[in-house]
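Trainee: Compact mmCIF, C-alpha atoms, saved as protein25.txt, coming up:
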```txt
# COMPACT_ATOMS: atom_id res chain seq x y z
CA MET A 1 62.35 53.69 -77.46
CA ILE A 2 58.69 53.12 -78.39
CA ASP A 3 57.74 52.23 -81.97
CA ASP A 4 55.76 54.37 -84.44
CA ASP A 5 52.40 52.77 -83.59
CA GLU A 6 52.91 53.45 -79.87
CA ASN A 7 54.02 57.01 -80.64
CA ALA A 8 50.83 57.57 -82.66
CA GLU A 9 48.72 56.13 -79.85
CA PHE A 10 50.44 58.35 -77.29
CA ARG A 11 49.92 61.49 -79.40
CA GLU A 12 46.27 60.60 -79.86
CA ARG A 13 45.79 60.25 -76.10
CA THR A 14 47.41 63.62 -75.44
CA ARG A 15 45.04 65.27 -77.94
CA MET A 16 41.96 63.96 -76.19
CA PRO A 17 39.60 66.83 -75.34
CA ARG A 18 39.96 67.85 -71.75
CA ARG A 19 36.21 67.86 -71.35
CA ARG A 20 36.33 64.04 -71.32
CA PHE A 21 38.32 64.23 -68.13
CA LEU A 22 36.67 67.28 -66.58
CA ALA A 23 33.26 65.68 -67.04
CA ALA A 24 34.20 63.08 -64.42
CA SER A 25 32.24 63.33 -61.21
CA ALA A 26 33.83 65.41 -58.48
CA ALA A 27 32.01 63.19 -56.03
CA ALA A 28 33.77 60.13 -57.44
CA ALA A 29 37.11 61.87 -57.13
CA GLY A 30 36.30 62.72 -53.55
CA ALA A 31 35.55 59.09 -52.84
CA LEU A 32 38.95 58.09 -54.15
CA LEU A 33 40.58 60.66 -51.90
CA ALA A 34 38.74 59.62 -48.75
CA PRO A 35 41.54 59.09 -46.21
CA THR A 36 40.73 55.70 -44.73
CA LEU A 37 43.20 55.93 -41.88
CA LEU A 38 45.15 52.92 -40.79
CA LYS A 39 44.44 51.91 -37.23
CA ALA A 40 47.77 50.33 -36.38
CA LYS A 41 50.06 53.35 -36.45
CA ASP A 42 51.90 52.59 -33.24
CA HIS A 43 54.50 50.48 -35.05
CA GLU A 44 55.02 52.94 -37.88
CA MET A 45 57.43 55.84 -38.04
CA SER A 46 56.27 59.07 -39.64
CA PRO A 47 58.66 60.33 -42.32
CA LYS A 48 60.61 63.49 -41.64
CA ALA A 49 62.02 63.78 -45.16
CA PHE A 50 61.34 62.63 -48.71
CA VAL A 51 63.83 62.07 -51.51
CA TYR A 52 63.07 62.10 -55.23
CA THR A 53 65.55 60.59 -57.68
CA GLU A 54 65.68 60.05 -61.42
CA VAL A 55 68.49 58.49 -63.42
CA ALA A 56 69.11 59.53 -67.04
CA ILE A 57 68.83 56.05 -68.47
CA SER A 58 66.32 54.21 -70.63
CA VAL A 59 65.88 50.53 -69.80
CA PRO A 60 62.89 48.17 -69.48
CA PHE A 61 62.23 47.77 -65.78
CA ASP A 62 62.48 43.99 -65.86
CA GLN A 63 66.07 44.43 -67.05
CA ALA A 64 67.02 46.77 -64.20
CA PRO A 65 68.95 45.24 -61.25
CA TRP A 66 66.29 46.32 -58.79
CA LYS A 67 66.59 43.30 -56.50
CA LYS A 68 70.25 44.05 -55.76
CA ILE A 69 69.56 47.77 -55.45
CA ASN A 70 66.75 47.07 -52.97
CA VAL A 71 69.12 45.11 -50.74
CA ASP A 72 71.64 47.97 -50.79
CA ILE A 73 69.08 50.69 -50.12
CA ARG A 74 67.61 48.88 -47.13
CA LYS A 75 71.02 49.18 -45.49
CA GLN A 76 71.00 52.99 -45.68
CA PRO A 77 70.61 54.83 -42.35
CA GLY A 78 67.11 56.12 -41.70
CA PHE A 79 65.50 54.52 -44.73
CA LEU A 80 61.75 53.90 -44.28
CA ASN A 81 60.30 53.01 -47.68
CA LYS A 82 60.67 53.47 -51.41
CA THR A 83 58.35 53.64 -54.39
CA TRP A 84 60.15 52.67 -57.59
CA LEU A 85 59.52 54.83 -60.65
CA GLN A 86 59.76 54.11 -64.37
CA GLY A 87 59.26 57.01 -66.72
CA HIS A 88 56.28 56.73 -69.05
CA ALA A 89 57.57 56.63 -72.67
CA THR A 90 61.15 57.31 -71.46
CA GLN A 91 61.80 54.21 -69.31
CA SER A 92 63.95 56.29 -66.98
CA LEU A 93 64.56 54.84 -63.52
CA GLY A 94 63.90 56.65 -60.27
CA GLY A 95 62.26 56.56 -56.89
CA LEU A 96 60.40 58.36 -54.14
CA TYR A 97 61.89 57.57 -50.71
CA ALA A 98 60.86 58.31 -47.13
CA PHE A 99 63.49 58.86 -44.40
CA ASP A 100 63.41 59.28 -40.65
CA THR A 101 65.40 62.55 -40.68
CA VAL A 102 66.45 65.25 -43.12
CA GLU A 103 70.06 64.53 -42.16
CA ASN A 104 69.82 60.90 -43.25
CA ALA A 105 68.02 61.89 -46.45
CA SER A 106 70.81 64.37 -47.23
CA LYS A 107 73.49 61.76 -46.55
CA PHE A 108 71.68 59.38 -48.89
CA VAL A 109 71.70 61.78 -51.86
CA THR A 110 75.31 62.87 -51.32
CA GLY A 111 76.84 59.58 -50.26
CA TYR A 112 75.16 56.39 -51.43
CA PHE A 113 72.90 57.41 -54.30
CA PRO A 114 75.50 58.82 -56.73
CA THR A 115 77.07 55.34 -56.83
CA GLU A 116 73.98 53.94 -58.58
CA PRO A 117 74.00 56.13 -61.74
CA ARG A 118 77.79 56.10 -61.71
CA SER A 119 77.67 52.34 -62.20
CA PHE A 120 75.57 52.93 -65.35
CA GLY A 121 77.81 55.79 -66.51
CA VAL A 122 74.94 58.29 -66.65
CA ALA A 123 73.86 61.53 -64.99
CA HIS A 124 71.05 61.86 -62.46
CA ASN A 125 69.07 64.32 -60.34
CA THR A 126 67.97 64.22 -56.73
CA ARG A 127 65.75 66.35 -54.49
CA VAL A 128 65.28 66.41 -50.71
CA PHE A 129 61.97 67.57 -49.22
CA ASP A 130 60.87 68.44 -45.69
CA ALA A 131 58.10 66.07 -44.62
CA GLU A 132 56.75 67.62 -41.43
CA VAL A 133 55.80 71.00 -42.89
CA VAL A 134 53.54 69.40 -45.53
CA ARG A 135 51.88 66.86 -43.25
CA ALA A 136 48.52 68.58 -42.70
CA ALA A 137 48.12 69.50 -46.36
CA SER A 138 49.05 65.98 -47.46
CA GLU A 139 46.74 64.31 -44.94
CA ASP A 140 43.92 66.44 -46.30
CA MET A 141 44.65 64.89 -49.72
CA GLY A 142 44.63 61.33 -48.38
CA SER A 143 48.39 60.87 -48.59
CA VAL A 144 49.37 57.26 -47.97
CA HIS A 145 52.66 58.39 -46.46
CA TYR A 146 50.85 59.67 -43.38
CA GLY A 147 48.66 56.68 -42.60
CA ALA A 148 45.85 56.73 -45.17
CA ALA A 149 45.11 53.35 -46.71
CA PRO A 150 45.10 53.23 -50.53
CA VAL A 151 41.65 52.52 -51.94
CA GLN A 152 43.03 50.86 -55.07
CA LYS A 153 46.29 50.35 -56.91
CA PRO A 154 47.59 53.42 -58.74
CA ALA A 155 48.02 53.17 -62.51
CA ALA A 156 50.37 56.13 -62.75
CA PHE A 157 52.27 58.71 -60.74
CA VAL A 158 52.87 62.37 -61.56
CA TYR A 159 55.76 64.35 -60.09
CA THR A 160 55.56 68.15 -60.21
CA GLU A 161 57.81 70.97 -59.03
CA LEU A 162 57.45 74.72 -59.49
CA GLN A 163 60.49 76.95 -59.92
CA ILE A 164 59.57 79.24 -57.06
CA SER A 165 60.71 79.69 -53.49
CA LYS A 166 57.82 79.95 -51.06
CA PRO A 167 57.89 78.64 -47.48
CA PHE A 168 55.07 76.13 -47.15
CA GLU A 169 53.90 77.75 -43.92
CA GLY A 170 52.90 80.80 -45.97
CA PHE A 171 51.18 78.82 -48.73
CA SER A 172 47.36 78.74 -48.74
CA TRP A 173 47.10 75.05 -49.48
CA GLN A 174 43.47 74.72 -48.38
CA GLY A 175 42.17 76.45 -51.52
CA ARG A 176 44.47 74.51 -53.81
CA ASN A 177 43.44 71.22 -52.18
CA ALA A 178 39.79 72.03 -52.82
CA GLU A 179 40.61 72.38 -56.53
CA LEU A 180 42.72 69.23 -56.61
CA LYS A 181 39.96 67.10 -55.09
CA ALA A 182 37.97 67.66 -58.29
CA VAL A 183 40.80 66.47 -60.57
CA PRO A 184 39.61 63.36 -62.43
CA GLY A 185 41.39 60.20 -61.37
CA LEU A 186 43.48 61.73 -58.60
CA GLN A 187 43.64 59.13 -55.82
CA ASN A 188 45.92 60.86 -53.32
CA LYS A 189 48.59 63.55 -53.16
CA LEU A 190 51.81 64.09 -51.27
CA TRP A 191 52.78 67.75 -51.08
CA LEU A 192 56.50 68.51 -51.44
CA SER A 193 58.47 71.44 -50.03
CA GLY A 194 62.10 71.66 -51.09
CA HIS A 195 64.64 71.44 -48.27
CA GLY A 196 66.70 74.62 -48.40
CA THR A 197 64.90 75.86 -51.53
CA HIS A 198 61.21 76.05 -50.48
CA SER A 199 60.18 74.93 -53.97
CA LEU A 200 56.56 73.78 -54.21
CA GLY A 201 55.65 70.45 -55.71
CA GLY A 202 53.81 67.20 -55.33
CA PHE A 203 53.76 63.47 -55.95
CA ASP A 204 50.33 62.34 -57.09
CA ALA A 205 48.79 58.89 -57.64
CA PHE A 206 46.26 58.47 -60.46
CA ALA A 207 43.70 55.80 -61.25
CA SER A 208 44.56 55.77 -64.97
CA LEU A 209 47.46 56.71 -67.21
CA ASP A 210 45.28 58.90 -69.42
CA GLU A 211 44.15 60.97 -66.45
CA ALA A 212 47.76 61.34 -65.27
CA ILE A 213 48.79 62.51 -68.75
CA ASP A 214 45.98 65.04 -68.92
CA TYR A 215 46.93 66.49 -65.54
CA ALA A 216 50.66 66.66 -66.32
CA ILE A 217 50.48 68.16 -69.81
CA ASN A 218 47.26 70.19 -69.64
CA ALA A 219 46.08 71.07 -66.14
CA PHE A 220 49.33 71.60 -64.27
CA PRO A 221 50.92 73.90 -66.88
CA GLU A 222 47.86 76.14 -66.52
CA THR A 223 48.54 76.38 -62.79
CA ALA A 224 52.19 77.27 -63.41
CA ALA A 225 51.16 79.89 -65.99
CA LYS A 226 48.93 81.63 -63.45
CA LEU A 227 51.96 81.90 -61.18
CA GLY A 228 54.21 83.01 -64.02
CA THR A 229 56.82 80.39 -63.28
CA ALA A 230 58.66 77.54 -64.98
CA PHE A 231 57.98 74.01 -63.82
CA TYR A 232 59.08 70.39 -63.95
CA THR A 233 56.78 67.41 -64.50
CA ARG A 234 57.25 63.68 -64.91
CA ILE A 235 54.80 60.82 -65.55
CA PHE A 236 55.53 57.31 -64.28
CA ASP A 237 53.89 53.93 -64.94
CA ALA A 238 52.91 52.48 -61.56
CA GLY A 239 52.08 48.93 -62.62
CA VAL A 240 55.50 47.83 -63.89
CA THR A 241 57.21 48.74 -60.62
CA GLU A 242 54.66 47.27 -58.22
CA GLU A 243 56.62 44.16 -57.22
CA ALA A 244 59.84 46.10 -56.62
CA SER A 245 57.97 48.81 -54.68
CA ARG A 246 56.10 46.33 -52.48
CA GLU A 247 59.44 44.77 -51.56
CA MET A 248 60.49 48.22 -50.34
CA ASP A 249 57.32 48.76 -48.25
CA SER A 250 55.83 51.34 -50.62
CA PRO A 251 52.58 52.61 -49.05
CA PHE A 252 50.80 53.03 -52.40
CA TYR A 253 49.69 49.41 -52.86
CA PRO A 254 46.85 47.80 -50.89
CA ALA A 255 47.87 44.86 -48.70
```
Just dump the structure as structure tokens.
Mentor:
Amino acid sequence: MIDDDENAEFRERTRMPRRRFLAASAAAAGALLAPTLLKAKDHEMSPKAFVYTEVAISVPFDQAPWKKINVDIRKQPGFLNKTWLQGHATQSLGGLYAFDTVENASKFVTGYFPTEPRSFGVAHNTRVFDAEVVRAASEDMGSVHYGAAPVQKPAAFVYTELQISKPFEGFSWQGRNAELKAVPGLQNKLWLSGHGTHSLGGFDAFASLDEAIDYAINAFPETAAKLGTAFYTRIFDAGVTEEASREMDSPFYPA
């Protein structure tokens, strides 16, 4: 739990006028999103599925048994990489994973993963997403999961999911991407399409925590309101999990 001074600081940040963020140069945002493609793709395997997890626990990340968990996760069939997540202000634990098939991703969330939160005696949530259907849209946003090299380290991640069912093939992502490229601080975006649900969402890397907060609590709710739907958002601190994520081959951190 954060103390009163930190709570006051957090509330002050969230009250910052949006014009401070919207005044940022769209050209600068575009530069951050420039997909500098990796040349050596021949040894890499493109993901076919993504998994999002979050455990209902609050613990400083340096007290989490991430080294042991990393060893166990690397043994899971089809595992490609993981980005560790720690909830901003909540200190929840979670992750974004890439898998070689939807089948292996599904086995992971039904077989292995429930053993992790069970060991803590807490509840959790998981999501499985189809990776192939969102590839073109994600590449257009410089997604590091499809070969784009990160320009700089992310300061924060934002996870979003809309409570709608819309096959991604019928979604006009080009227009939405054009809007997103002007979002201050947005470095790259991975589009998410729910396996079996067709929910729409994303996993976004930001250059600063303040810009991630503004997007999650101000900009994205406006998008959901236009669609008349409920939504789910989470903000994660990227710096505290860097070492653990690098050990799991997370593509978000420059070599």
Trainee: Give me the residues within 10 Å of Leu209 (chain A) as a list in words, counting only C-alpha atoms and dropping any in the same chain fewer than 6 places off.
Mentor: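 Here the qualifying residues turn out to be Arg13, His88, Pro154, Ala155, Ala156, Phe157, Val158, Gly185, Tyr215, Ile235, Phe236, Asp237 and Ala238 of chain A.
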Trainee: Using all atoms listed in the file, pick whichever of A:Ala212, A:Val151, A:Ile73, A:Ile164 has the shortest atom-to-atom distance to Leu200 (chain A).
Mentor: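 Closest candidate: A:Ile164.
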Trainee: Find the residue from A:Phe231, A:Tyr97, A:Trp173, A:Phe252 that sits nearest to Phe129 (chain A); use all atoms listed in the file when measuring.
Mentor: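 Using all atoms listed in the file, the shortest distance to Phe129 (chain A) belongs to A:Tyr97.
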Trainee: Please tabulate, as CSV, the residues of region 105-178 of chain A that come within 9 Å of region 54-58 of chain A, each with its closest pair of atoms and the distance in Å to one decimal, counting all atoms listed in the file and ordering rows by chain, then residue number upward.
Mentor:
```
residue,atom,partner,partner_atom,distance
A:Glu116,CA,A:Val55,CA,8.6
A:Pro117,CA,A:Val55,CA,6.2
A:Phe120,CA,A:Ile57,CA,8.1
A:Val122,CA,A:Ala56,CA,6.0
A:Ala123,CA,A:Ala56,CA,5.5
A:His124,CA,A:Val55,CA,4.3
A:Asn125,CA,A:Glu54,CA,5.6
A:Thr126,CA,A:Glu54,CA,6.7
```
Trainee: Measure the distance from CA of Gly196 (chain A) to CA of Thr160 (chain A) in Å and round it to one decimal.
Mentor: 17.5 Å
Trainee: Which one is closest to Asn81 (chain A): A:Gly147, A:Pro47, A:Gly228, A:Pro184? Count only C-alpha atoms.
Mentor: A:Pro47
Trainee: In Å, how far is it from CA of Leu162 (chain A) to CA of Ala137 (chain A)?
Mentor: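 Interatomic distance here is 16.9 Å.
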Trainee: Please identify all polymer residues within 6 Å of region 99-112 of chain A, counting all atoms listed in the file, omitting same-chain residues fewer than 4 positions from it, and present them as a list of chain:residue names.
Mentor: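 Final neighbour list, sorted by chain and number: A:Pro47, A:Lys48, A:Ala49, A:Gly78, A:Phe79, A:Leu80.
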